[in-house]
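start28.pdb (PDB, C-alpha atoms, pLDDT in the B column) appears below.
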ATOM      1  CA  MET A  17      -3.952 -17.444  24.596  1.00 50.00           C
ATOM      2  CA  GLY A  18      -1.485 -19.026  22.146  1.00 57.00           C
ATOM      3  CA  ARG A  19       2.198 -18.295  21.844  1.00 60.00           C
ATOM      4  CA  LEU A  20       3.180 -14.692  22.488  1.00 60.00           C
ATOM      5  CA  GLY A  21       5.907 -12.653  20.780  1.00 62.00           C
ATOM      6  CA  HIS A  22       7.515  -9.290  21.479  1.00 67.00           C
ATOM      7  CA  LEU A  23       7.899  -6.371  19.063  1.00 67.00           C
ATOM      8  CA  GLY A  24      10.249  -3.451  19.473  1.00 68.00           C
ATOM      9  CA  TYR A  25      11.372  -1.060  16.757  1.00 74.00           C
ATOM     10  CA  GLY A  26      12.978   2.286  16.125  1.00 80.00           C
ATOM     11  CA  VAL A  27      12.689   4.669  13.194  1.00 86.00           C
ATOM     12  CA  ARG A  28      15.491   7.034  12.336  1.00 89.00           C
ATOM     13  CA  PRO A  29      14.472  10.709  12.396  1.00 90.00           C
ATOM     14  CA  SER A  30      14.794  11.183   8.623  1.00 92.00           C
ATOM     15  CA  ASP A  31      12.152   8.455   8.031  1.00 89.00           C
ATOM     16  CA  ARG A  32       9.632   9.533  10.657  1.00 87.00           C
ATOM     17  CA  GLY A  33       6.187  10.530   9.427  1.00 89.00           C
ATOM     18  CA  ARG A  34       6.511   8.370   6.304  1.00 91.00           C
ATOM     19  CA  GLY A  35       4.634   5.267   7.479  1.00 88.00           C
ATOM     20  CA  VAL A  36       7.813   3.284   8.138  1.00 90.00           C
ATOM     21  CA  ALA A  37       6.707   2.157  11.605  1.00 89.00           C
ATOM     22  CA  THR A  38       3.280   1.135  10.328  1.00 87.00           C
ATOM     23  CA  ARG A  39       4.864  -0.949   7.559  1.00 87.00           C
ATOM     24  CA  ALA A  40       7.227  -2.490  10.123  1.00 88.00           C
ATOM     25  CA  ILE A  41       4.329  -3.559  12.325  1.00 89.00           C
ATOM     26  CA  VAL A  42       2.352  -4.947   9.377  1.00 87.00           C
ATOM     27  CA  GLY A  43       5.423  -6.868   8.240  1.00 90.00           C
ATOM     28  CA  MET A  44       6.030  -8.253  11.709  1.00 88.00           C
ATOM     29  CA  LEU A  45       2.397  -9.320  12.012  1.00 90.00           C
ATOM     30  CA  LYS A  46       2.876 -11.371   8.822  1.00 91.00           C
ATOM     31  CA  VAL A  47       6.042 -12.951  10.206  1.00 89.00           C
ATOM     32  CA  ALA A  48       4.310 -13.642  13.527  1.00 87.00           C
ATOM     33  CA  ALA A  49       1.415 -15.336  11.690  1.00 90.00           C
ATOM     34  CA  GLU A  50       3.878 -17.520   9.758  1.00 90.00           C
ATOM     35  CA  MET A  51       5.467 -18.487  13.079  1.00 87.00           C
ATOM     36  CA  GLY A  52       2.098 -19.469  14.495  1.00 87.00           C
ATOM     37  CA  LEU A  53       1.958 -16.661  17.052  1.00 87.00           C
ATOM     38  CA  SER A  54      -1.452 -15.402  18.110  1.00 88.00           C
ATOM     39  CA  ASP A  55      -0.366 -12.093  19.639  1.00 88.00           C
ATOM     40  CA  ILE A  56       2.632  -9.818  19.827  1.00 88.00           C
ATOM     41  CA  THR A  57       3.562  -7.284  22.456  1.00 88.00           C
ATOM     42  CA  ALA A  58       4.701  -3.836  21.357  1.00 88.00           C
ATOM     43  CA  VAL A  59       6.620  -1.690  23.831  1.00 89.00           C
ATOM     44  CA  CYS A  60       7.431   2.021  23.824  1.00 90.00           C
ATOM     45  CA  GLU A  61       8.070   4.924  26.135  1.00 94.00           C
ATOM     46  CA  VAL A  62       4.963   6.452  27.693  1.00 97.00           C
ATOM     47  CA  ASP A  63       5.814   9.887  26.264  1.00 97.00           C
ATOM     48  CA  ASN A  64       6.299   8.590  22.692  1.00 92.00           C
ATOM     49  CA  SER A  65       2.934   9.676  21.314  1.00 94.00           C
ATOM     50  CA  ALA A  66       3.876   8.833  17.707  1.00 90.00           C
ATOM     51  CA  SER A  67       4.642   5.201  18.569  1.00 90.00           C
ATOM     52  CA  ILE A  68       1.544   4.917  20.723  1.00 94.00           C
ATOM     53  CA  ALA A  69      -0.616   6.213  17.865  1.00 93.00           C
ATOM     54  CA  THR A  70       1.042   3.806  15.405  1.00 92.00           C
ATOM     55  CA  ILE A  71       0.579   0.835  17.720  1.00 92.00           C
ATOM     56  CA  GLU A  72      -3.049   1.727  18.371  1.00 94.00           C
ATOM     57  CA  ARG A  73      -3.710   2.106  14.604  1.00 90.00           C
ATOM     58  CA  ALA A  74      -2.334  -1.411  14.203  1.00 90.00           C
ATOM     59  CA  GLY A  75      -4.917  -2.694  16.684  1.00 92.00           C
ATOM     60  CA  GLY A  76      -2.815  -2.444  19.829  1.00 93.00           C
ATOM     61  CA  GLU A  77      -4.651  -2.793  23.126  1.00 96.00           C
ATOM     62  CA  LEU A  78      -3.002  -1.304  26.207  1.00 97.00           C
ATOM     63  CA  LEU A  79      -1.722  -4.007  28.555  1.00 96.00           C
ATOM     64  CA  ASP A  80       0.006  -1.954  31.217  1.00 96.00           C
ATOM     65  CA  ARG A  81       2.349   0.835  32.127  1.00 96.00           C
ATOM     66  CA  GLN A  82       5.565   0.048  33.951  1.00 94.00           C
ATOM     67  CA  GLY A  83       7.358   3.227  34.926  1.00 96.00           C
ATOM     68  CA  ALA A  84       8.154   5.130  31.728  1.00 96.00           C
ATOM     69  CA  THR A  85       7.187   2.177  29.481  1.00 95.00           C
ATOM     70  CA  VAL A  86       3.825   1.105  28.074  1.00 95.00           C
ATOM     71  CA  ARG A  87       3.050  -2.306  26.629  1.00 92.00           C
ATOM     72  CA  TYR A  88       0.381  -3.096  24.057  1.00 92.00           C
ATOM     73  CA  ARG A  89      -0.975  -6.415  22.789  1.00 92.00           C
ATOM     74  CA  ILE A  90      -1.639  -6.722  19.057  1.00 92.00           C
ATOM     75  CA  SER A  91      -3.599  -9.693  17.779  1.00 92.00           C
ATOM     76  CA  VAL A  92      -1.921 -11.379  14.811  1.00 89.00           C
ATOM     77  CA  ALA A  93      -5.239 -12.649  13.391  1.00 77.00           C
ATOM     78  CA  ARG A  94      -6.844  -9.482  12.046  1.00 58.00           C
TER      79      ARG A  94
END

Re-express the file's structure as C-alpha coordinates.
Amino acid sequence: MGRLGHLGYGVRPSDRGRGVATRAIVGMLKVAAEMGLSDITAVCEVDNSASIATIERAGGELLDRQGATVRYRISVAR
(Lines of atoms letter the chains of each structure in order from A and count residues from 1; the text may use other names and numbers.)
(Lines give C-alpha, C1' and ligand atoms only; values in the text may rest on other atoms or scores of the structure.)
Protein backbone atom coordinates (compact mmCIF):
# COMPACT_ATOMS: atom_id res chain seq x y z
CA MET A 1 0.00 0.00 0.00
CA GLY A 2 1.28 3.50 -0.82
CA ARG A 3 0.83 6.62 1.24
CA LEU A 4 -2.47 6.88 3.08
CA GLY A 5 -4.56 9.99 3.75
CA HIS A 6 -7.57 10.73 5.94
CA LEU A 7 -10.86 12.32 4.88
CA GLY A 8 -13.42 13.85 7.19
CA TYR A 9 -16.19 16.24 6.21
CA GLY A 10 -19.44 17.76 7.36
CA VAL A 11 -22.37 19.14 5.39
CA ARG A 12 -24.61 21.80 6.85
CA PRO A 13 -28.27 20.77 7.07
CA SER A 14 -29.45 23.22 4.40
CA ASP A 15 -27.13 21.56 1.82
CA ARG A 16 -27.89 17.93 2.64
CA GLY A 17 -29.41 15.82 -0.12
CA ARG A 18 -27.89 18.02 -2.84
CA GLY A 19 -24.79 15.95 -3.66
CA VAL A 20 -22.45 18.23 -1.71
CA ALA A 21 -20.76 15.35 0.13
CA THR A 22 -20.31 13.37 -3.08
CA ARG A 23 -18.69 16.37 -4.77
CA ALA A 24 -16.47 16.85 -1.71
CA ILE A 25 -15.25 13.26 -1.89
CA VAL A 26 -14.64 13.46 -5.65
CA GLY A 27 -12.72 16.70 -5.16
CA MET A 28 -10.63 15.21 -2.38
CA LEU A 29 -9.85 12.15 -4.48
CA LYS A 30 -8.44 14.50 -7.14
CA VAL A 31 -6.34 16.32 -4.54
CA ALA A 32 -5.17 13.00 -3.08
CA ALA A 33 -4.13 11.82 -6.57
CA GLU A 34 -2.16 15.04 -7.11
CA MET A 35 -0.42 14.42 -3.78
CA GLY A 36 0.52 10.91 -4.84
CA LEU A 37 -1.73 9.17 -2.32
CA SER A 38 -3.05 5.73 -3.21
CA ASP A 39 -5.89 5.56 -0.68
CA ILE A 40 -7.81 7.77 1.69
CA THR A 41 -9.68 6.87 4.83
CA ALA A 42 -13.16 8.28 5.36
CA VAL A 43 -14.60 8.28 8.87
CA CYS A 44 -18.16 8.77 10.12
CA GLU A 45 -20.48 7.80 12.92
CA VAL A 46 -21.94 4.30 12.66
CA ASP A 47 -25.50 5.67 12.75
CA ASN A 48 -24.89 8.22 9.96
CA SER A 49 -26.52 6.26 7.15
CA ALA A 50 -26.33 9.17 4.68
CA SER A 51 -22.54 9.45 5.04
CA ILE A 52 -22.11 5.70 4.87
CA ALA A 53 -24.13 5.57 1.64
CA THR A 54 -22.12 8.46 0.17
CA ILE A 55 -18.80 6.87 1.09
CA GLU A 56 -19.87 3.51 -0.32
CA ARG A 57 -21.04 5.17 -3.59
CA ALA A 58 -17.56 6.68 -3.84
CA GLY A 59 -16.05 3.19 -3.67
CA GLY A 60 -15.49 3.03 0.08
CA GLU A 61 -14.66 -0.37 1.53
CA LEU A 62 -15.36 -0.91 5.22
CA LEU A 63 -12.15 -1.13 7.24
CA ASP A 64 -13.47 -1.39 10.77
CA ARG A 65 -15.81 -0.16 13.43
CA GLN A 66 -14.40 1.41 16.57
CA GLY A 67 -17.16 2.14 19.05
CA ALA A 68 -19.57 4.57 17.40
CA THR A 69 -17.22 5.24 14.45
CA VAL A 70 -16.74 3.40 11.17
CA ARG A 71 -13.77 3.78 8.86
CA TYR A 72 -13.74 3.17 5.12
CA ARG A 73 -10.86 2.96 2.64
CA ILE A 74 -11.36 4.63 -0.75
CA SER A 75 -8.88 3.93 -3.52
CA VAL A 76 -7.67 7.11 -5.23
CA ALA A 77 -7.00 5.32 -8.54
CA ARG A 78 -10.50 4.66 -9.86

**Request:** Using the chain letters and numbers from the file, give me the residues hit by the PyMOL selection byres ((chain A and resi 87) around 8), as a PyMOL selection string.
**Result:** chain A and resi 57-60+78-81+85-86+88-89

**Message:** Just the number, please: distance in Å from CA of Glu50 in chain A to CA of Ser67 in chain A, one decimal.
**Reply:** 24.4 Å

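When CA of Ile90 in chain A is paired with CA of Ala74 in chain A, their separation reads 7.2 Å.
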
Output as AutoDock Vina command-line options the centre and edge lengths (Å, one decimal) of the box along x, y and z of the file that holds every listed atom of range 36-45 of chain A after adding 5 Å on each side.
--center_x 5.1 --center_y -3.0 --center_z 9.9 --size_x 15.5 --size_y 22.6 --size_z 14.8

**Message:** When the PyMOL selection byres ((chain A and resi 69) around 12) is applied to the structure above, which residues does it catch, written out as a VMD selection string?
**Reply:** chain A and resid 33 35 37 to 38 58 60 62 to 68 70 to 78 88

**One-decimal distance in Å that lies between CA of Val36 in chain A and CA of Glu61 in chain A** = 18.1 Å

Please identify all polymer residues within 10 Å of Met44 in chain A, counting all atoms listed in the file, omitting same-chain residues fewer than 3 positions from it, and present them as a short mmCIF file (atom, residue, chain, number, x, y, z; two decimals) with C-alpha atoms, keeping the file's coordinate frame.
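Result went into out-v6.cif, see below:
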data_model
loop_
_atom_site.label_atom_id
_atom_site.label_comp_id
_atom_site.auth_asym_id
_atom_site.auth_seq_id
_atom_site.Cartn_x
_atom_site.Cartn_y
_atom_site.Cartn_z
CA HIS A 22 7.52 -9.29 21.48
CA LEU A 23 7.90 -6.37 19.06
CA THR A 38 3.28 1.14 10.33
CA ARG A 39 4.86 -0.95 7.56
CA ALA A 40 7.23 -2.49 10.12
CA ILE A 41 4.33 -3.56 12.32
CA VAL A 47 6.04 -12.95 10.21
CA ALA A 48 4.31 -13.64 13.53
CA ALA A 49 1.42 -15.34 11.69
CA GLU A 50 3.88 -17.52 9.76
CA ILE A 56 2.63 -9.82 19.83
CA VAL A 92 -1.92 -11.38 14.81
#
